[in-house]
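With CSV, C-alpha atoms and all ligand atoms inside, this is work_11.csv:
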chain,number,residue,atom,x,y,z
A,1,MET,CA,-159.6,151.3,-64.3
A,2,ASN,CA,-160.4,149.9,-67.7
A,3,TYR,CA,-157.5,149.9,-70.1
A,4,ASP,CA,-158.2,150.6,-73.8
A,5,PHE,CA,-156.5,148.0,-76.0
A,6,ASP,CA,-158.6,149.1,-79.0
A,7,ARG,CA,-156.8,152.4,-79.4
A,8,ILE,CA,-154.4,152.7,-82.4
A,9,ILE,CA,-151.2,154.4,-81.4
A,10,ASP,CA,-148.9,156.1,-84.0
A,11,ARG,CA,-145.4,154.7,-83.7
A,12,ARG,CA,-143.9,156.6,-86.6
A,13,ASN,CA,-140.8,158.6,-85.9
A,14,THR,CA,-140.1,156.8,-82.7
A,15,ASN,CA,-137.2,154.7,-84.0
A,16,ALA,CA,-139.3,151.6,-83.6
A,17,LEU,CA,-137.9,148.4,-85.0
A,18,ASN,CA,-141.4,147.3,-85.7
A,19,THR,CA,-142.2,150.2,-88.1
A,20,ASP,CA,-138.7,151.1,-89.4
A,21,GLY,CA,-136.6,148.0,-89.2
A,22,PHE,CA,-138.6,145.3,-90.9
A,23,ARG,CA,-136.6,145.4,-94.2
A,24,GLY,CA,-133.4,144.6,-92.5
A,25,TYR,CA,-134.8,142.1,-90.0
A,26,ILE,CA,-137.3,140.1,-92.1
A,27,PHE,CA,-135.7,140.4,-95.6
A,28,LYS,CA,-132.1,141.1,-94.7
A,29,ASP,CA,-132.2,143.9,-97.2
A,30,GLU,CA,-132.6,147.5,-96.0
A,31,LYS,CA,-133.4,148.6,-99.5
A,32,ILE,CA,-135.8,145.9,-100.6
A,33,ASP,CA,-138.5,147.4,-102.8
A,34,LEU,CA,-142.0,146.4,-101.8
A,35,PRO,CA,-145.1,147.5,-103.7
A,36,PHE,CA,-146.8,149.3,-100.8
A,37,ARG,CA,-146.0,152.4,-98.8
A,38,ASP,CA,-144.7,151.6,-95.3
A,39,GLU,CA,-147.9,153.0,-93.8
A,40,TYR,CA,-150.0,150.5,-95.6
A,41,PHE,CA,-148.5,147.4,-94.0
A,42,ILE,CA,-150.3,145.6,-91.3
A,43,ARG,CA,-147.4,144.7,-89.0
A,44,MET,CA,-147.8,141.3,-87.3
A,45,TRP,CA,-144.1,140.4,-87.1
A,46,VAL,CA,-141.7,141.3,-84.3
A,47,ALA,CA,-142.7,140.3,-80.8
A,48,ASP,CA,-143.7,143.6,-79.3
A,49,MET,CA,-147.2,144.9,-78.8
A,50,GLU,CA,-149.2,147.7,-80.5
A,51,PHE,CA,-150.6,148.5,-77.0
A,52,ALA,CA,-149.5,151.4,-74.8
A,53,THR,CA,-146.9,150.5,-72.2
A,54,PRO,CA,-149.1,150.8,-69.0
A,55,ASP,CA,-149.5,154.2,-67.4
A,56,PHE,CA,-148.1,153.2,-64.1
A,57,ILE,CA,-144.8,152.3,-65.7
A,58,ARG,CA,-144.7,155.5,-67.8
A,59,ASP,CA,-145.6,157.5,-64.7
A,60,ALA,CA,-142.9,155.9,-62.6
A,61,ILE,CA,-140.3,156.6,-65.3
A,62,LYS,CA,-141.5,160.2,-65.5
A,63,ARG,CA,-141.0,160.6,-61.8
A,64,ARG,CA,-137.6,159.1,-62.0
A,65,VAL,CA,-136.7,161.5,-64.9
A,66,ASP,CA,-137.8,164.3,-62.6
A,67,ARG,CA,-135.1,163.3,-60.1
A,68,GLN,CA,-132.9,165.0,-62.8
A,69,ILE,CA,-129.8,162.9,-62.8
A,70,LEU,CA,-129.5,159.8,-64.9
A,71,GLY,CA,-126.0,158.7,-63.9
A,72,TYR,CA,-124.5,155.2,-63.8
A,73,SER,CA,-127.0,152.9,-62.1
A,74,MET,CA,-127.5,149.3,-61.1
A,75,VAL,CA,-130.0,147.4,-58.9
A,76,PHE,CA,-129.0,148.3,-55.3
A,77,ASP,CA,-132.4,148.8,-53.7
A,78,PRO,CA,-133.8,145.6,-52.4
A,79,ALA,CA,-137.3,146.9,-53.4
A,80,TYR,CA,-136.6,145.5,-56.9
A,81,TYR,CA,-136.0,142.0,-55.7
A,82,GLU,CA,-139.0,142.3,-53.4
A,83,ALA,CA,-141.3,143.3,-56.3
A,84,PHE,CA,-140.0,140.7,-58.7
A,85,SER,CA,-139.9,137.8,-56.2
A,86,SER,CA,-143.4,138.7,-55.0
A,87,TRP,CA,-144.5,138.5,-58.6
A,88,THR,CA,-142.9,135.0,-59.2
A,89,GLN,CA,-144.4,133.9,-55.9
A,90,LYS,CA,-147.9,135.1,-56.6
A,91,MET,CA,-147.9,134.2,-60.3
A,92,TYR,CA,-146.2,130.8,-60.3
A,93,GLY,CA,-145.7,129.9,-56.6
A,94,TRP,CA,-142.0,130.1,-57.0
A,95,LYS,CA,-139.4,132.0,-55.1
A,96,PHE,CA,-135.7,132.2,-55.7
A,97,GLU,CA,-132.8,133.5,-53.5
A,98,LYS,CA,-132.0,137.2,-53.8
A,99,GLY,CA,-128.3,136.5,-54.3
A,100,HIS,CA,-129.1,134.4,-57.4
A,101,LEU,CA,-130.6,137.3,-59.3
A,102,VAL,CA,-128.5,139.2,-61.9
A,103,THR,CA,-129.8,141.5,-64.5
A,104,SER,CA,-129.0,141.8,-68.2
A,105,PRO,CA,-129.8,144.3,-71.0
A,106,GLY,CA,-131.9,141.5,-72.6
A,107,ILE,CA,-132.2,137.8,-72.8
A,108,ILE,CA,-130.5,137.7,-76.1
A,109,PRO,CA,-127.3,139.2,-74.7
A,110,ALA,CA,-127.6,136.8,-71.7
A,111,LEU,CA,-127.9,133.8,-74.1
A,112,TYR,CA,-124.8,135.0,-76.0
A,113,ASP,CA,-122.8,135.2,-72.7
A,114,LEU,CA,-124.2,132.0,-71.3
A,115,VAL,CA,-123.3,129.8,-74.3
A,116,GLU,CA,-119.8,131.1,-74.1
A,117,PHE,CA,-119.5,130.6,-70.4
A,118,LEU,CA,-121.1,127.2,-70.2
A,119,THR,CA,-119.6,125.4,-73.2
A,120,LYS,CA,-116.2,124.6,-74.5
A,121,PRO,CA,-115.4,125.2,-78.2
A,122,ASP,CA,-115.9,121.6,-79.1
A,123,GLU,CA,-119.2,121.2,-77.3
A,124,LYS,CA,-122.7,121.4,-78.7
A,125,VAL,CA,-125.8,123.3,-77.9
A,126,LEU,CA,-129.2,121.6,-78.1
A,127,ILE,CA,-132.4,123.3,-79.0
A,128,LEU,CA,-136.0,122.2,-79.8
A,129,THR,CA,-137.2,123.1,-83.2
A,130,PRO,CA,-139.0,125.0,-84.6
A,131,SER,CA,-137.2,127.6,-82.5
A,132,TYR,CA,-136.8,131.3,-81.8
A,133,ALA,CA,-133.9,132.0,-84.1
A,134,TYR,CA,-131.7,133.7,-81.6
A,135,PHE,CA,-131.1,130.3,-79.8
A,136,LYS,CA,-129.3,129.3,-83.0
A,137,HIS,CA,-127.6,132.6,-83.3
A,138,ALA,CA,-126.4,132.3,-79.7
A,139,ALA,CA,-124.7,129.0,-80.5
A,140,ARG,CA,-123.3,130.3,-83.8
A,141,ARG,CA,-121.9,133.5,-82.2
A,142,SER,CA,-119.6,131.4,-80.0
A,143,LYS,CA,-119.0,129.0,-82.9
A,144,ARG,CA,-120.6,126.1,-81.1
A,145,ALA,CA,-122.2,123.3,-83.1
A,146,LEU,CA,-126.0,123.3,-82.9
A,147,VAL,CA,-128.1,120.1,-82.4
A,148,CYS,CA,-131.8,120.3,-83.1
A,149,SER,CA,-134.5,118.0,-81.7
A,150,ASP,CA,-137.6,118.5,-83.8
A,151,LEU,CA,-140.8,118.7,-81.9
A,152,LEU,CA,-143.5,116.2,-83.0
A,153,ASN,CA,-146.4,117.9,-84.6
A,154,GLU,CA,-149.6,115.9,-84.4
A,155,ASP,CA,-152.4,118.0,-85.9
A,156,GLU,CA,-150.7,121.2,-84.7
A,157,ASN,CA,-150.4,119.9,-81.2
A,158,TYR,CA,-146.6,120.0,-80.5
A,159,ARG,CA,-144.8,117.8,-78.1
A,160,MET,CA,-141.2,116.8,-77.3
A,161,ASP,CA,-139.7,113.7,-78.9
A,162,TRP,CA,-138.4,112.0,-75.8
A,163,GLU,CA,-136.5,109.3,-77.6
A,164,ASP,CA,-134.8,111.8,-79.8
A,165,LEU,CA,-134.0,114.1,-76.9
A,166,ARG,CA,-132.6,111.3,-74.8
A,167,ARG,CA,-130.4,110.2,-77.7
A,168,LYS,CA,-129.1,113.7,-78.4
A,169,ALA,CA,-128.6,114.6,-74.7
A,170,ALA,CA,-126.6,111.4,-74.2
A,171,ASP,CA,-123.9,112.7,-76.5
A,172,GLU,CA,-121.2,113.8,-74.1
A,173,LYS,CA,-120.3,116.7,-76.3
A,174,THR,CA,-123.8,118.1,-76.0
A,175,THR,CA,-123.6,120.0,-72.7
A,176,LEU,CA,-126.1,122.8,-72.9
A,177,CYS,CA,-129.8,123.0,-73.8
A,178,ILE,CA,-131.5,126.3,-74.5
A,179,PHE,CA,-135.1,125.6,-73.6
A,180,CYS,CA,-138.1,127.8,-74.3
A,181,ASN,CA,-140.8,127.6,-71.6
A,182,PRO,CA,-143.5,128.5,-72.8
A,183,HIS,CA,-142.5,127.8,-76.3
A,184,ASN,CA,-142.1,130.4,-79.1
A,185,PRO,CA,-143.3,130.0,-81.8
A,186,THR,CA,-145.8,127.2,-81.1
A,187,GLY,CA,-147.2,128.7,-77.9
A,188,ARG,CA,-147.1,125.4,-76.1
A,189,VAL,CA,-147.2,125.6,-72.3
A,190,TRP,CA,-145.4,122.5,-71.2
A,191,THR,CA,-147.3,120.5,-68.6
A,192,GLU,CA,-145.6,119.7,-65.3
A,193,GLU,CA,-145.3,116.1,-66.4
A,194,GLU,CA,-143.6,117.2,-69.6
A,195,LEU,CA,-141.3,119.5,-67.7
A,196,LYS,CA,-140.4,116.7,-65.3
A,197,THR,CA,-139.6,114.3,-68.1
A,198,PHE,CA,-137.5,117.0,-69.9
A,199,GLY,CA,-135.7,118.0,-66.7
A,200,ASP,CA,-135.0,114.3,-65.8
A,201,ILE,CA,-133.3,113.9,-69.2
A,202,MET,CA,-131.2,116.9,-68.6
A,203,VAL,CA,-130.3,115.9,-65.0
A,204,ASP,CA,-129.5,112.3,-66.1
A,205,ASN,CA,-127.0,113.7,-68.6
A,206,ASN,CA,-125.6,116.4,-66.3
A,207,MET,CA,-126.5,119.0,-68.9
A,208,TRP,CA,-126.7,122.7,-68.4
A,209,VAL,CA,-130.1,124.2,-69.1
A,210,VAL,CA,-130.9,127.8,-69.9
A,211,SER,CA,-134.7,128.0,-69.5
A,212,ASP,CA,-135.9,131.1,-71.4
A,213,GLU,CA,-139.2,131.9,-69.7
A,214,ILE,CA,-139.7,135.4,-71.3
A,215,HIS,CA,-143.2,134.6,-72.4
A,216,CYS,CA,-144.3,133.1,-69.0
A,217,ASP,CA,-146.8,135.8,-68.1
A,218,LEU,CA,-148.6,135.8,-71.4
A,219,LEU,CA,-150.8,132.8,-71.0
A,220,ARG,CA,-154.4,132.3,-72.1
A,221,SER,CA,-156.6,133.0,-69.0
A,222,GLY,CA,-156.9,130.0,-66.7
A,223,ILE,CA,-153.6,128.5,-67.8
A,224,THR,CA,-150.7,128.6,-65.3
A,225,HIS,CA,-146.9,128.7,-65.8
A,226,THR,CA,-144.5,126.4,-64.1
A,227,PRO,CA,-140.9,127.5,-64.0
A,228,LEU,CA,-138.6,124.6,-64.7
A,229,ALA,CA,-136.6,125.6,-61.7
A,230,LYS,CA,-139.6,125.1,-59.4
A,231,LEU,CA,-139.6,121.4,-60.3
A,232,PHE,CA,-135.8,121.0,-59.9
A,233,PRO,CA,-134.9,123.2,-56.9
A,234,ASP,CA,-131.7,121.3,-56.2
A,235,TYR,CA,-130.3,121.2,-59.7
A,236,ASP,CA,-128.0,124.1,-60.0
A,237,ARG,CA,-127.0,123.6,-63.6
A,238,LEU,CA,-130.1,125.5,-64.5
A,239,VAL,CA,-130.4,129.2,-65.4
A,240,THR,CA,-133.8,130.9,-65.6
A,241,CYS,CA,-134.4,134.0,-67.7
A,242,MET,CA,-137.5,136.1,-67.2
A,243,ALA,CA,-138.3,139.7,-68.1
A,244,PRO,CA,-141.0,142.4,-67.8
A,245,SER,CA,-140.3,143.3,-71.5
A,246,LYS,CA,-142.8,141.0,-73.3
A,247,THR,CA,-145.4,141.2,-70.6
A,248,PHE,CA,-145.6,145.0,-70.3
A,249,ASN,CA,-144.3,146.1,-73.7
A,250,THR,CA,-141.0,147.5,-72.5
A,251,ALA,CA,-138.6,145.7,-74.8
A,252,GLY,CA,-136.9,148.9,-75.7
A,253,LEU,CA,-135.9,149.4,-72.0
A,254,MET,CA,-133.5,146.5,-72.4
A,255,PHE,CA,-133.8,145.0,-68.9
A,256,SER,CA,-134.2,141.3,-68.0
A,257,ASN,CA,-133.7,139.0,-65.1
A,258,VAL,CA,-131.3,136.1,-65.0
A,259,ILE,CA,-131.5,133.7,-62.1
A,260,ILE,CA,-128.3,131.8,-61.6
A,261,PRO,CA,-128.2,129.4,-58.6
A,262,ASN,CA,-124.7,128.0,-59.4
A,263,GLU,CA,-122.1,130.0,-57.5
A,264,GLU,CA,-119.3,129.4,-59.9
A,265,LEU,CA,-121.3,130.5,-62.9
A,266,ARG,CA,-122.5,133.5,-61.1
A,267,ALA,CA,-119.0,134.5,-60.2
A,268,LEU,CA,-118.0,134.2,-63.9
A,269,TRP,CA,-121.0,136.2,-65.0
A,270,ASN,CA,-120.2,138.9,-62.5
A,271,SER,CA,-116.6,139.0,-63.5
A,272,ARG,CA,-117.7,139.6,-67.1
A,273,ASN,CA,-120.8,141.8,-66.6
A,274,ASP,CA,-120.6,144.9,-64.4
A,275,GLY,CA,-124.4,144.9,-63.7
A,276,LEU,CA,-124.8,148.5,-64.8
A,277,CYS,CA,-128.3,149.2,-66.2
A,278,ASN,CA,-130.4,152.1,-67.4
A,279,PRO,CA,-131.9,153.8,-64.4
A,280,LEU,CA,-135.2,154.3,-66.2
A,281,SER,CA,-135.4,150.6,-66.9
A,282,ILE,CA,-134.9,149.6,-63.3
A,283,THR,CA,-137.7,152.0,-62.3
A,284,GLY,CA,-140.0,150.7,-65.0
A,285,ALA,CA,-139.4,147.1,-64.2
A,286,GLN,CA,-140.1,147.6,-60.5
A,287,ALA,CA,-143.3,149.5,-61.2
A,288,ALA,CA,-144.4,146.7,-63.6
A,289,TYR,CA,-143.9,144.0,-60.9
A,290,GLU,CA,-145.4,146.1,-58.1
A,291,GLN,CA,-148.5,147.4,-60.0
A,292,GLY,CA,-149.0,145.2,-63.0
A,293,TYR,CA,-151.4,142.5,-61.9
A,294,GLU,CA,-154.7,144.2,-62.9
A,295,TRP,CA,-153.3,145.5,-66.2
A,296,LEU,CA,-152.0,142.0,-67.1
A,297,ARG,CA,-155.4,140.5,-66.2
A,298,GLN,CA,-157.1,142.8,-68.7
A,299,LEU,CA,-154.5,142.4,-71.3
A,300,LYS,CA,-154.9,138.6,-71.2
A,301,LEU,CA,-158.6,138.9,-71.6
A,302,TYR,CA,-158.1,141.1,-74.7
A,303,LEU,CA,-155.6,138.6,-76.1
A,304,ASP,CA,-158.0,135.7,-75.4
A,305,SER,CA,-160.6,137.5,-77.4
A,306,ASN,CA,-158.2,138.3,-80.2
A,307,PHE,CA,-157.4,134.6,-80.4
A,308,SER,CA,-161.1,133.7,-80.4
A,309,PHE,CA,-161.7,136.3,-83.1
A,310,MET,CA,-158.9,134.8,-85.2
A,311,ASP,CA,-160.2,131.3,-84.6
A,312,GLU,CA,-163.7,132.2,-85.9
A,313,TYR,CA,-162.4,134.3,-88.7
A,314,LEU,CA,-160.1,131.5,-90.0
A,315,LYS,CA,-162.7,128.8,-89.6
A,316,ALA,CA,-165.1,130.9,-91.7
A,317,ASN,CA,-162.6,132.2,-94.3
A,318,LEU,CA,-159.5,129.9,-94.4
A,319,PRO,CA,-160.8,126.4,-93.8
A,320,LYS,CA,-157.6,124.7,-95.0
A,321,ALA,CA,-155.4,126.5,-92.5
A,322,LYS,CA,-154.2,124.3,-89.6
A,323,TYR,CA,-153.6,125.7,-86.1
A,324,ARG,CA,-154.4,125.5,-82.4
A,325,VAL,CA,-155.3,128.6,-80.3
A,326,SER,CA,-151.9,129.2,-78.7
A,327,GLN,CA,-151.8,128.4,-75.0
A,328,SER,CA,-149.4,131.2,-74.4
A,329,THR,CA,-147.7,134.2,-76.1
A,330,TYR,CA,-149.6,136.6,-78.3
A,331,LEU,CA,-148.3,134.7,-81.3
A,332,ALA,CA,-150.4,132.5,-83.5
A,333,TRP,CA,-148.7,129.6,-85.4
A,334,ILE,CA,-150.6,128.6,-88.5
A,335,ASP,CA,-149.9,126.0,-91.2
A,336,VAL,CA,-151.0,127.5,-94.5
A,337,SER,CA,-149.2,125.0,-96.7
A,338,ALA,CA,-152.5,123.6,-98.1
A,339,TYR,CA,-152.9,126.7,-100.1
A,340,PHE,CA,-149.7,126.3,-102.0
A,341,THR,CA,-148.7,123.8,-104.7
A,342,ASP,CA,-145.0,124.7,-104.5
A,343,ILE,CA,-144.6,125.7,-100.8
A,344,ASP,CA,-140.9,124.7,-100.7
A,345,ARG,CA,-140.1,127.4,-103.3
A,346,VAL,CA,-142.1,130.2,-101.6
A,347,SER,CA,-140.7,132.6,-99.1
A,348,LEU,CA,-143.8,133.2,-97.0
A,349,PRO,CA,-142.7,136.5,-95.4
A,350,LEU,CA,-142.0,137.9,-98.9
A,351,PHE,CA,-145.2,136.5,-100.3
A,352,PHE,CA,-147.4,138.1,-97.7
A,353,ALA,CA,-145.5,141.4,-97.8
A,354,GLU,CA,-145.6,141.7,-101.6
A,355,ARG,CA,-149.1,140.3,-102.2
A,356,ALA,CA,-151.1,141.2,-99.1
A,357,GLY,CA,-149.2,144.1,-97.4
A,358,VAL,CA,-148.8,142.1,-94.2
A,359,LEU,CA,-145.5,141.8,-92.4
A,360,LEU,CA,-145.2,138.5,-90.6
A,361,GLU,CA,-142.5,135.9,-89.7
A,362,ALA,CA,-142.6,132.4,-91.1
A,363,ASP,CA,-141.0,129.0,-91.7
A,364,GLU,CA,-137.4,129.8,-92.6
A,365,MET,CA,-137.1,132.2,-89.7
A,366,PHE,CA,-137.6,129.5,-87.1
A,367,VAL,CA,-134.5,127.3,-87.7
A,368,GLN,CA,-136.1,124.1,-88.9
A,369,ASN,CA,-139.3,121.9,-88.7
A,370,ALA,CA,-141.4,125.0,-89.4
A,371,GLY,CA,-142.3,124.5,-93.1
A,372,GLY,CA,-145.5,126.1,-94.3
A,373,HIS,CA,-146.1,127.9,-91.1
A,374,ILE,CA,-146.7,131.6,-90.5
A,375,ARG,CA,-146.4,133.3,-87.1
A,376,LEU,CA,-148.8,136.2,-86.5
A,377,ASN,CA,-148.5,138.7,-83.8
A,378,LEU,CA,-152.0,139.2,-82.3
A,379,ALA,CA,-151.0,141.9,-79.8
A,380,CYS,CA,-152.8,144.6,-81.7
A,381,PRO,CA,-156.1,146.4,-81.6
A,382,ARG,CA,-159.0,144.2,-83.0
A,383,SER,CA,-159.5,146.5,-86.0
A,384,ILE,CA,-155.9,145.9,-87.1
A,385,LEU,CA,-156.1,142.2,-86.5
A,386,GLU,CA,-159.3,142.1,-88.6
A,387,GLU,CA,-157.7,143.9,-91.5
A,388,GLY,CA,-154.6,141.7,-91.3
A,389,LEU,CA,-156.6,138.5,-91.3
A,390,LYS,CA,-158.8,139.8,-94.2
A,391,ARG,CA,-155.7,140.5,-96.3
A,392,ILE,CA,-154.2,137.1,-95.5
A,393,CYS,CA,-157.4,135.2,-96.3
A,394,ASN,CA,-158.0,137.2,-99.5
A,395,VAL,CA,-154.6,136.5,-100.9
A,396,LEU,CA,-154.6,132.8,-100.0
A,397,ASN,CA,-158.1,132.3,-101.4
A,398,ARG,CA,-157.1,133.8,-104.7
A,399,LEU,CA,-154.3,131.3,-105.2
A,401,LIG,C1,-138.1,133.2,-76.6
A,401,LIG,C2,-137.5,134.6,-76.7
A,401,LIG,N1,-136.4,134.9,-76.0
A,401,LIG,C3,-135.9,136.1,-76.0
A,401,LIG,C4,-136.4,137.1,-76.8
A,401,LIG,C5,-135.8,138.5,-76.8
A,401,LIG,O1,-135.4,138.8,-75.5
A,401,LIG,P1,-134.7,140.2,-75.2
A,401,LIG,O2,-135.5,141.3,-75.9
A,401,LIG,O3,-134.8,140.3,-73.7
A,401,LIG,O4,-133.3,140.2,-75.7
A,401,LIG,C6,-137.6,136.9,-77.5
A,401,LIG,C7,-138.2,137.9,-78.3
A,401,LIG,O5,-139.1,137.7,-79.1
A,401,LIG,C8,-138.2,135.6,-77.4
A,401,LIG,O6,-139.3,135.3,-78.1

Go ahead and express the file in the form of C-alpha cells.
Ligand SMILES: Cc1ncc(COP(=O)(O)O)c(C=O)c1O
Amino acid sequence: MNYDFDRIIDRRNTNALNTDGFRGYIFKDEKIDLPFRDEYFIRMWVADMEFATPDFIRDAIKRRVDRQILGYSMVFDPAYYEAFSSWTQKMYGWKFEKGHLVTSPGIIPALYDLVEFLTKPDEKVLILTPSYAYFKHAARRSKRALVCSDLLNEDENYRMDWEDLRRKAADEKTTLCIFCNPHNPTGRVWTEEELKTFGDIMVDNNMWVVSDEIHCDLLRSGITHTPLAKLFPDYDRLVTCMAPSKTFNTAGLMFSNVIIPNEELRALWNSRNDGLCNPLSITGAQAAYEQGYEWLRQLKLYLDSNFSFMDEYLKANLPKAKYRVSQSTYLAWIDVSAYFTDIDRVSLPLFFAERAGVLLEADEMFVQNAGGHIRLNLACPRSILEEGLKRICNVLNRL
C-alpha cells in the first residue's frame, strides 16, 4: 500500500492544540490579537504531524471500541511487550527486560515524576541547551535548580562540550541529567562514540540519566538510532523513555514507555503510579509496534524529501540562512539572525505570526543558546511546506 502524505486533512473542530491552542502555548496569551484569521496561518510549530494517524492504528482502535466497554485498563496482555520489544530489537538491536517496562500518560508527566523521585530538594538537574523546554519545566516544577551545558555550534553542526559537561557533572549536587537522544531541537543523532563519552561522564559521576528517546524512530533514511542503554547495559541509574506518539502521530492518546532497570526506582514509581491507561491507547500502541514498519519507511522517505525540498528552497531564496538538514525528527533548526539588525529585540514567533502568517517556535522557547534560530515542523504535505517557506522567505527578504 502507498500512503498519501500529500493529502490535506481538516483539523478544525477536533480540539487540536495545533489549531486551537497556539495563542496560549506560543504567546502565553489566549486573547492575543493577530492580523490574520486562524485559517490563514501555516502551522509549523507544535511537534505533531499534519498526516493521518495510520489506518492500521485507527482500525485497531475501532475494533476495540466495538468491544463496547471502555472500563479501567492497564497493560496486562504480554502481547504489548512482545510488540514493543520486537520493535526495539529490529529497529535498534536492543532488548530490555519485560519487568523493567512501565507506561506513562506521556513523557512529560514521566519527567515530572522522575525529577521528584531522583533528586533531593537541594540537588540540581543538568540539561544540554538549546533544549526542549519541558526539561527545564520538569526541574522547575519540583523546584530543583537547573544547570545548562551549552552545545557547541560550529557552523550549525552541534556537539557536546565535554569539558563543560565534565565540570558540571562533577558538582556533587548535580545528580540527574535529562538527556535528549536524538536531540530536539537541533536534530542531532549522537554517534556511538559521543554516546559513550557522554555516558562515561555520567557513570564516572554516579549520575542518574533520563534518556528521552521519543524522536528515535524519526531519522533520515539510512541513519540508525542507538539507545543510550544499549551501550551501558549494566548501569542501572539510567531510565529510557520512548513512545509511539511522535512516530505514528498519536500524541493525543497519551501513552508512552518508560524503561526503569533500577528496582528501587521502579518500586517507587509503582507506588506512586497505578499504571492505569486508556484502553484505546494500549490498543493503538500495540498496533503501531506490530504493523508500523512499512508505514514508517514511507513516512521517512516523505520527510527526507521535505527536507531536500526545504534545502533547495532556502538555498535559492534565503541564502543567508544557516542550517543543516536535521539527522532526525521532522523539525528543522535554522539560524535566520543574518536577516535582522536588532535580533536581540525581536520575538521571532511573534514576528513570523504577525508578518508572515506562519506559526513556529524559536529561540526563547528553547531555554538558552538558541538565539536567532527558528524551529520549523516539516511533517506536513509538501504544498503546505512550500507555502510556509514562501511566506518566511518573502518576509525576511523584505527586511
Ligand atoms: C524531546 C521531547 N520529549 C517529550 C515530548 C513530549 O512527550 P509527551 O507528549 O509524551 O509528553 C516532546 C514533544 O515534542 C519532545 O520533543

Residues within 10 Å of ligand LIG 401 (chain A) (all atoms listed in the file), as a PDB file with C-alpha atoms, in the frame of the given file?
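Output below, filename selection_28.pdb:
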ATOM      1  CA  TRP A  45    -144.100 140.400 -87.100  1.00  0.00           C
ATOM      2  CA  VAL A  46    -141.700 141.300 -84.300  1.00  0.00           C
ATOM      3  CA  ALA A  47    -142.700 140.300 -80.800  1.00  0.00           C
ATOM      4  CA  ASP A  48    -143.700 143.600 -79.300  1.00  0.00           C
ATOM      5  CA  SER A 104    -129.000 141.800 -68.200  1.00  0.00           C
ATOM      6  CA  PRO A 105    -129.800 144.300 -71.000  1.00  0.00           C
ATOM      7  CA  GLY A 106    -131.900 141.500 -72.600  1.00  0.00           C
ATOM      8  CA  ILE A 107    -132.200 137.800 -72.800  1.00  0.00           C
ATOM      9  CA  ILE A 108    -130.500 137.700 -76.100  1.00  0.00           C
ATOM     10  CA  PRO A 109    -127.300 139.200 -74.700  1.00  0.00           C
ATOM     11  CA  ALA A 110    -127.600 136.800 -71.700  1.00  0.00           C
ATOM     12  CA  LEU A 111    -127.900 133.800 -74.100  1.00  0.00           C
ATOM     13  CA  TYR A 112    -124.800 135.000 -76.000  1.00  0.00           C
ATOM     14  CA  SER A 131    -137.200 127.600 -82.500  1.00  0.00           C
ATOM     15  CA  TYR A 132    -136.800 131.300 -81.800  1.00  0.00           C
ATOM     16  CA  ALA A 133    -133.900 132.000 -84.100  1.00  0.00           C
ATOM     17  CA  TYR A 134    -131.700 133.700 -81.600  1.00  0.00           C
ATOM     18  CA  PHE A 135    -131.100 130.300 -79.800  1.00  0.00           C
ATOM     19  CA  ILE A 178    -131.500 126.300 -74.500  1.00  0.00           C
ATOM     20  CA  PHE A 179    -135.100 125.600 -73.600  1.00  0.00           C
ATOM     21  CA  CYS A 180    -138.100 127.800 -74.300  1.00  0.00           C
ATOM     22  CA  ASN A 181    -140.800 127.600 -71.600  1.00  0.00           C
ATOM     23  CA  PRO A 182    -143.500 128.500 -72.800  1.00  0.00           C
ATOM     24  CA  HIS A 183    -142.500 127.800 -76.300  1.00  0.00           C
ATOM     25  CA  ASN A 184    -142.100 130.400 -79.100  1.00  0.00           C
ATOM     26  CA  PRO A 185    -143.300 130.000 -81.800  1.00  0.00           C
ATOM     27  CA  SER A 211    -134.700 128.000 -69.500  1.00  0.00           C
ATOM     28  CA  ASP A 212    -135.900 131.100 -71.400  1.00  0.00           C
ATOM     29  CA  GLU A 213    -139.200 131.900 -69.700  1.00  0.00           C
ATOM     30  CA  ILE A 214    -139.700 135.400 -71.300  1.00  0.00           C
ATOM     31  CA  HIS A 215    -143.200 134.600 -72.400  1.00  0.00           C
ATOM     32  CA  CYS A 216    -144.300 133.100 -69.000  1.00  0.00           C
ATOM     33  CA  CYS A 241    -134.400 134.000 -67.700  1.00  0.00           C
ATOM     34  CA  MET A 242    -137.500 136.100 -67.200  1.00  0.00           C
ATOM     35  CA  ALA A 243    -138.300 139.700 -68.100  1.00  0.00           C
ATOM     36  CA  PRO A 244    -141.000 142.400 -67.800  1.00  0.00           C
ATOM     37  CA  SER A 245    -140.300 143.300 -71.500  1.00  0.00           C
ATOM     38  CA  LYS A 246    -142.800 141.000 -73.300  1.00  0.00           C
ATOM     39  CA  THR A 250    -141.000 147.500 -72.500  1.00  0.00           C
ATOM     40  CA  ALA A 251    -138.600 145.700 -74.800  1.00  0.00           C
ATOM     41  CA  GLY A 252    -136.900 148.900 -75.700  1.00  0.00           C
ATOM     42  CA  LEU A 253    -135.900 149.400 -72.000  1.00  0.00           C
ATOM     43  CA  MET A 254    -133.500 146.500 -72.400  1.00  0.00           C
ATOM     44  CA  PHE A 255    -133.800 145.000 -68.900  1.00  0.00           C
ATOM     45  CA  SER A 256    -134.200 141.300 -68.000  1.00  0.00           C
ATOM     46  CA  ASN A 257    -133.700 139.000 -65.100  1.00  0.00           C
ATOM     47  CA  THR A 329    -147.700 134.200 -76.100  1.00  0.00           C
ATOM     48  CA  LEU A 331    -148.300 134.700 -81.300  1.00  0.00           C
TER      49      LEU A 331
END

Which of A:Leu238, A:Met44, A:Met74, A:Ala138 sits closest to Phe352 of chain A [using only C-alpha atoms]:
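Closest to Phe352 of chain A, using only C-alpha atoms: A:Met44.
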
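Counting all atoms listed in the file, the residue from A:Leu128, A:Val258, A:Val115, A:Cys393 that sits nearest to Arg140 of chain A is A:Val115.
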
Within 7 Å of segment 376-390 of chain A, counting only C-alpha atoms, which residues qualify if same-chain residues fewer than 3 places away don't, as a list in words?
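Here the qualifying residues turn out to be Phe5, Asp6, Arg7, Ile8, Ile42, Met44, Trp45, Ala47, Met49, Glu50, Phe51, Leu303, Asn306, Tyr330, Leu331, Ala332, Trp333, Val358, Leu360, Cys393 and Asn394 of chain A.
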
Quick one: residues within 12 Å of segment 197-207 of chain A, all atoms listed in the file, excluding same-chain residues fewer than 3 positions away - as a count of residues only?
50

Within 9 Å of file point (-158.6, 134.0, -67.8), counting only C-alpha atoms, expressed as number ranges by chain:
A: 219-223, 297-298, 300-301, 304

Considering all atoms listed in the file, state which residue in the set A:Lys320, A:Arg391, A:Arg266, A:Arg188 is at the smallest distance from Arg355 of chain A.
A:Arg391
